[in-house]
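I have placed the structure first, in the form of structure tokens, so that the comments after it can refer back to it.
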Amino acid sequence: ADLLDSDRVFRLAASDDPALRFLLDAVGHAVTGSGVRGSFHALRALERGDADGAAIHLRDRAGVYNEHFGRALLRHRDPHLIHLWRREQGFLLPPGNPDGIRTAHDVGGLRIARRETGAGTKVLLDQLLIEAGTSPEHIAGPELASHFECGLAVVAGIADTALGLRSAARDLGLDFVHVAWEPYELVLPAESLPPAQPLVAALARADLRTRINALGGYDLSLSGQTTHLTTD
């Protein structure tokens with residue numbers, strides 16, 4: 001089985017993340033992307049058998065990321081998490097922050113560029129809005145496919161703000177107000193651990209870590225750590 005797994009290509013479904021392209025470059029042909037975008041869609045691909053693992057960033061109602069979703073989806077398949085990195089989410093703002101945004105309490109009534117349904121960042125934004133007493137259904141603004149596109153909407157003036165990565169704000173010269181550090185992690189069953197090892201090995205490479213850190217808003221201190229999600 002080990003010999004067979006050594007030649008097996010790991011099929012990865014993943015939420016949007018600019019650092020992911022660097023990781024895929026580092027592992028080469030050992031991993032292939034499924035073309036799926038968004039945490040919910042990645043989990044669906046894993047459940048259907050179209051992927052061997054799903055890279056997600058989903059906060060549950062208790063504020064815990066990823067673990068509940070892995071246990072629920074893979075409860076009969078010995079679920080595990082591989083920590084890829086933490087990344088910084090916050091409000092992307094025009095230079096000077098003209099609307100004075102500091103928290104989710106300040107964005108009601110503004111145009112917000114949002115990720116599409118199924119994206120972990122949209123889930124986080126909806127949670128923040130509800131906690132601030134604002135219904136997500138009452139928010140105006142475009143729905144877009146990536147953090148970079150949400151940042152471009154702010155640059156173009158078709159949105160007043162967006163929830164997105166610090167790296168997107170840095171790329172586009174936008175102001176940034178911190179909201180959360182979130183773990184971006186790979187959910188997978190035990191049988192997929194061996195073909196996932198090229199990902200774990202690549203995360204220890206100094207050149208890859210340098211490229212990811214240069215994006216801004218990334219923490220690689222726990223990268224490669226594997227957690228067994230007990231289901232008792």
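Residue numbers start at 1 in each chain; chains themselves are named A, B, ... in the order of the structure tokens; ligands are numbered from 1 in the order shown.
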Leu186 of chain A surroundings by only C-alpha atoms, 6 Å radius, close-in-sequence under 2 positions cut, as a compact mmCIF listing (two decimals) with N, CA, C and O atoms, in the first residue's frame:
```txt
# COMPACT_ATOMS: atom_id res chain seq x y z
N ALA A 54 -9.47 18.75 1.42
CA ALA A 54 -10.07 20.06 1.20
C ALA A 54 -9.36 21.09 2.08
O ALA A 54 -9.33 20.93 3.30
N ALA A 55 -8.81 22.13 1.48
CA ALA A 55 -8.19 23.22 2.23
C ALA A 55 -9.27 24.26 2.52
O ALA A 55 -9.85 24.83 1.60
N LEU A 81 -6.52 16.83 10.31
CA LEU A 81 -6.23 18.18 9.81
C LEU A 81 -4.73 18.34 9.64
O LEU A 81 -3.96 17.94 10.52
N ILE A 82 -4.32 18.91 8.52
CA ILE A 82 -2.94 19.35 8.34
C ILE A 82 -2.95 20.87 8.30
O ILE A 82 -3.61 21.47 7.44
```
Pull the strand (DSSP E) assignments for segment 56-215 of chain A out of DSSP run on the backbone, and list those residues as a ChimeraX atom specification.
-> /A:56,79-93,112-115,143-144,161-165,175-189
Using only C-alpha atoms, find the one residue out of A:Leu222, A:Pro98, A:Val154, A:Ala104 that sits nearest to Ser135 of chain A.
->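 Selected residue with least distance to Ser135 of chain A: A:Ala104.
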For His29 of chain A: contacts at 12 Å, only C-alpha atoms, fewer than 6 positions along chain excluded, given as a list in words =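 Counting only C-alpha atoms, the residues come to Asp7, Arg8, Val9, Phe10, Arg11, Leu12, Leu23, Pro195, Pro198 and Leu199 of chain A.
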Neighbours of segment 31-38 of chain A within 12 Å (only C-alpha atoms; same-chain residues fewer than 5 positions away dropped), as a PDB file with C-alpha atoms, in the first residue's frame?
```pdb
ATOM      1  CA  SER A   6       4.098   6.889  -3.160  1.00  0.00           C
ATOM      2  CA  ASP A   7       3.021   7.278  -6.782  1.00  0.00           C
ATOM      3  CA  ARG A   8      -0.476   8.554  -6.097  1.00  0.00           C
ATOM      4  CA  VAL A   9      -1.276  12.146  -7.089  1.00  0.00           C
ATOM      5  CA  PHE A  10      -3.046  14.025  -4.306  1.00  0.00           C
ATOM      6  CA  ARG A  11      -6.202  15.774  -5.547  1.00  0.00           C
ATOM      7  CA  LEU A  12      -6.661  19.057  -3.708  1.00  0.00           C
ATOM      8  CA  ALA A  13      -9.865  21.092  -3.506  1.00  0.00           C
ATOM      9  CA  ALA A  14      -9.256  24.452  -1.898  1.00  0.00           C
ATOM     10  CA  SER A  15     -10.568  27.803  -0.818  1.00  0.00           C
ATOM     11  CA  ASP A  16      -9.070  30.846  -2.563  1.00  0.00           C
ATOM     12  CA  ASP A  17      -5.633  31.755  -1.185  1.00  0.00           C
ATOM     13  CA  LEU A  20      -1.609  28.236  -2.375  1.00  0.00           C
ATOM     14  CA  ARG A  21      -0.141  28.759  -5.833  1.00  0.00           C
ATOM     15  CA  LEU A  23       2.711  25.647  -2.423  1.00  0.00           C
ATOM     16  CA  LEU A  24       1.467  23.933  -5.581  1.00  0.00           C
ATOM     17  CA  ASP A  25       4.549  25.187  -7.463  1.00  0.00           C
ATOM     18  CA  ALA A  26       6.750  23.663  -4.760  1.00  0.00           C
ATOM     19  CA  LEU A  43     -15.750  19.990   1.281  1.00  0.00           C
ATOM     20  CA  ARG A  44     -18.427  18.938  -1.195  1.00  0.00           C
ATOM     21  CA  ALA A  45     -15.727  17.727  -3.626  1.00  0.00           C
ATOM     22  CA  LEU A  46     -14.128  15.726  -0.810  1.00  0.00           C
ATOM     23  CA  GLY A  49     -14.803  11.563  -3.867  1.00  0.00           C
ATOM     24  CA  ASP A  50     -13.597  14.172  -6.374  1.00  0.00           C
ATOM     25  CA  ALA A  51     -10.785  15.276  -4.033  1.00  0.00           C
ATOM     26  CA  ASP A  52      -8.479  13.620  -1.497  1.00  0.00           C
ATOM     27  CA  GLY A  53      -8.416  16.665   0.783  1.00  0.00           C
ATOM     28  CA  ALA A  54     -10.069  20.060   1.197  1.00  0.00           C
ATOM     29  CA  ALA A  55      -8.194  23.224   2.227  1.00  0.00           C
ATOM     30  CA  ILE A  56     -10.678  25.306   4.205  1.00  0.00           C
ATOM     31  CA  HIS A  57     -11.072  28.166   6.694  1.00  0.00           C
ATOM     32  CA  LEU A  58     -14.510  27.832   8.281  1.00  0.00           C
ATOM     33  CA  ARG A 115     -17.087  36.539  -1.788  1.00  0.00           C
ATOM     34  CA  GLU A 116     -19.599  34.198  -3.373  1.00  0.00           C
ATOM     35  CA  THR A 117     -21.817  31.774  -1.461  1.00  0.00           C
ATOM     36  CA  GLY A 118     -19.752  28.828  -0.259  1.00  0.00           C
ATOM     37  CA  ALA A 119     -16.622  30.852   0.480  1.00  0.00           C
ATOM     38  CA  GLY A 120     -15.259  30.837   4.013  1.00  0.00           C
ATOM     39  CA  THR A 121     -14.681  34.588   3.901  1.00  0.00           C
ATOM     40  CA  LYS A 122     -18.380  35.164   3.174  1.00  0.00           C
ATOM     41  CA  VAL A 123     -19.252  32.928   6.114  1.00  0.00           C
ATOM     42  CA  LEU A 144     -16.770  38.228  -6.511  1.00  0.00           C
ATOM     43  CA  ALA A 145     -14.589  35.151  -6.913  1.00  0.00           C
ATOM     44  CA  SER A 146     -11.374  36.082  -5.073  1.00  0.00           C
ATOM     45  CA  HIS A 147      -9.811  38.300  -2.432  1.00  0.00           C
ATOM     46  CA  SER A 192      -5.087  10.274   2.162  1.00  0.00           C
ATOM     47  CA  PRO A 195      -0.075  11.045  -0.700  1.00  0.00           C
ATOM     48  CA  ALA A 196      -0.366  14.351   1.195  1.00  0.00           C
ATOM     49  CA  GLN A 197       3.193  14.081   2.523  1.00  0.00           C
ATOM     50  CA  PRO A 198       4.736  16.113  -0.365  1.00  0.00           C
ATOM     51  CA  LEU A 199       2.630  19.048   0.876  1.00  0.00           C
ATOM     52  CA  VAL A 200       3.937  18.624   4.413  1.00  0.00           C
ATOM     53  CA  ALA A 202       7.239  21.435   1.023  1.00  0.00           C
TER      54      ALA A 202
END
```
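For the set A:Gly63, A:Trp181, A:Ala190, A:Trp85, the residue with the smallest atom-to-atom gap to Ala204 of chain A is A:Trp85, counting only C-alpha atoms.
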Would you return as a list of chain:residue names the members of segment 165-213 of chain A that DSSP assigns to alpha helix (DSSP H) on this structure's backbone?
-> A:Arg166, A:Ser167, A:Ala168, A:Ala169, A:Arg170, A:Asp171, A:Leu172, A:Gln197, A:Pro198, A:Leu199, A:Val200, A:Ala201, A:Ala202, A:Ala206, A:Asp207, A:Leu208, A:Arg209, A:Thr210, A:Arg211, A:Ile212, A:Asn213
Hey, what's within 7 Å of Ala162 of chain A if we count only C-alpha atoms and toss same-chain stuff fewer than 2 positions away? As a PDB file with N, CA, C and O atoms, in the first residue's frame, please?
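Writing the result to part_18.pdb gives the following:
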```pdb
ATOM      1  N   PHE A  91     -10.752  44.317   7.022  1.00  0.00           N
ATOM      2  CA  PHE A  91     -11.473  45.154   6.072  1.00  0.00           C
ATOM      3  C   PHE A  91     -10.488  45.853   5.141  1.00  0.00           C
ATOM      4  O   PHE A  91      -9.532  46.490   5.590  1.00  0.00           O
ATOM      5  N   LEU A  92     -10.721  45.702   3.838  1.00  0.00           N
ATOM      6  CA  LEU A  92      -9.951  46.390   2.803  1.00  0.00           C
ATOM      7  C   LEU A  92     -10.615  47.743   2.572  1.00  0.00           C
ATOM      8  O   LEU A  92     -11.824  47.814   2.328  1.00  0.00           O
ATOM      9  N   ILE A 112     -20.469  46.647   0.269  1.00  0.00           N
ATOM     10  CA  ILE A 112     -19.412  45.708   0.643  1.00  0.00           C
ATOM     11  C   ILE A 112     -19.201  44.699  -0.477  1.00  0.00           C
ATOM     12  O   ILE A 112     -20.142  43.995  -0.873  1.00  0.00           O
ATOM     13  N   ALA A 113     -17.993  44.620  -1.000  1.00  0.00           N
ATOM     14  CA  ALA A 113     -17.663  43.559  -1.959  1.00  0.00           C
ATOM     15  C   ALA A 113     -17.507  42.262  -1.182  1.00  0.00           C
ATOM     16  O   ALA A 113     -16.751  42.192  -0.212  1.00  0.00           O
ATOM     17  N   ARG A 114     -18.239  41.234  -1.598  1.00  0.00           N
ATOM     18  CA  ARG A 114     -18.277  39.984  -0.851  1.00  0.00           C
ATOM     19  C   ARG A 114     -17.870  38.814  -1.735  1.00  0.00           C
ATOM     20  O   ARG A 114     -18.049  38.846  -2.943  1.00  0.00           O
ATOM     21  N   CYS A 150     -12.137  41.343  -4.878  1.00  0.00           N
ATOM     22  CA  CYS A 150     -12.823  42.183  -3.888  1.00  0.00           C
ATOM     23  C   CYS A 150     -12.027  43.451  -3.630  1.00  0.00           C
ATOM     24  O   CYS A 150     -12.596  44.545  -3.521  1.00  0.00           O
ATOM     25  N   GLY A 151     -10.700  43.320  -3.559  1.00  0.00           N
ATOM     26  CA  GLY A 151      -9.865  44.494  -3.397  1.00  0.00           C
ATOM     27  C   GLY A 151      -9.953  45.429  -4.587  1.00  0.00           C
ATOM     28  O   GLY A 151     -10.003  46.660  -4.426  1.00  0.00           O
ATOM     29  N   GLY A 164     -11.255  40.824   3.457  1.00  0.00           N
ATOM     30  CA  GLY A 164     -10.286  40.085   2.661  1.00  0.00           C
ATOM     31  C   GLY A 164      -8.941  40.008   3.347  1.00  0.00           C
ATOM     32  O   GLY A 164      -8.770  40.432   4.497  1.00  0.00           O
TER      33      GLY A 164
END
```
Could you name the residues that touch Tyr65 of chain A at 9 Å or less, counting only C-alpha atoms, but leaving out those on the same chain fewer than 3 positions away, as a JSON list (two decimals) with C-alpha atoms, in the first residue's frame?
```json
[["chain", "number", "residue", "atom", "x", "y", "z"],
["A", 56, "ILE", "CA", -10.68, 25.31, 4.21],
["A", 57, "HIS", "CA", -11.07, 28.17, 6.69],
["A", 58, "LEU", "CA", -14.51, 27.83, 8.28],
["A", 59, "ARG", "CA", -15.46, 29.17, 11.71],
["A", 60, "ASP", "CA", -18.25, 27.36, 13.53],
["A", 62, "ALA", "CA", -18.43, 28.50, 18.84],
["A", 68, "HIS", "CA", -16.16, 20.52, 13.51],
["A", 69, "PHE", "CA", -16.49, 20.40, 9.72],
["A", 182, "GLU", "CA", -7.63, 32.35, 10.85],
["A", 183, "PRO", "CA", -6.14, 28.88, 10.35],
["A", 184, "TYR", "CA", -6.10, 27.68, 6.75],
["A", 185, "GLU", "CA", -6.03, 23.89, 7.02]]
```
Computed interatomic separation between atom CA of Ala30 of chain A and atom CA of Thr231 of chain A (Å) | 29.6 Å
Restricting the calculation to only C-alpha atoms, which member of A:Ala180, A:Pro194, A:His83, A:Gly109 is positioned closest to Ser223 of chain A?
->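 For Ser223 of chain A, the nearest of the given residues is A:His83.
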Compare A:Gln127, A:Ser221, A:Asn97, A:Thr210 by their minimum atom-to-atom distance to Phe176 of chain A, counting only C-alpha atoms, and give me the closest one.
->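 Using only C-alpha atoms, the shortest distance to Phe176 of chain A belongs to A:Asn97.
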Pro18 of chain A proximity check over A:Arg102, A:His228, A:His41, A:Arg87, using only C-alpha atoms: winner is A:Arg87
Would you pick out the contacts of Gly133 of chain A at 8 Å or less, using only C-alpha atoms, so that residues sharing its chain but fewer than 3 positions from it are not included, and give the list as a short mmCIF file (atom, residue, chain, number, x, y, z; two decimals) with N, CA and C atoms, in the first residue's frame?
```cif
data_model
loop_
_atom_site.label_atom_id
_atom_site.label_comp_id
_atom_site.auth_asym_id
_atom_site.auth_seq_id
_atom_site.Cartn_x
_atom_site.Cartn_y
_atom_site.Cartn_z
N HIS A 105 -19.35 46.80 13.16
CA HIS A 105 -20.43 47.71 13.54
C HIS A 105 -20.47 48.96 12.65
N LEU A 129 -21.35 40.35 10.71
CA LEU A 129 -22.49 41.25 10.55
C LEU A 129 -23.61 40.91 11.52
N ILE A 130 -23.91 39.62 11.65
CA ILE A 130 -24.97 39.20 12.57
C ILE A 130 -24.61 39.57 14.00
#
```
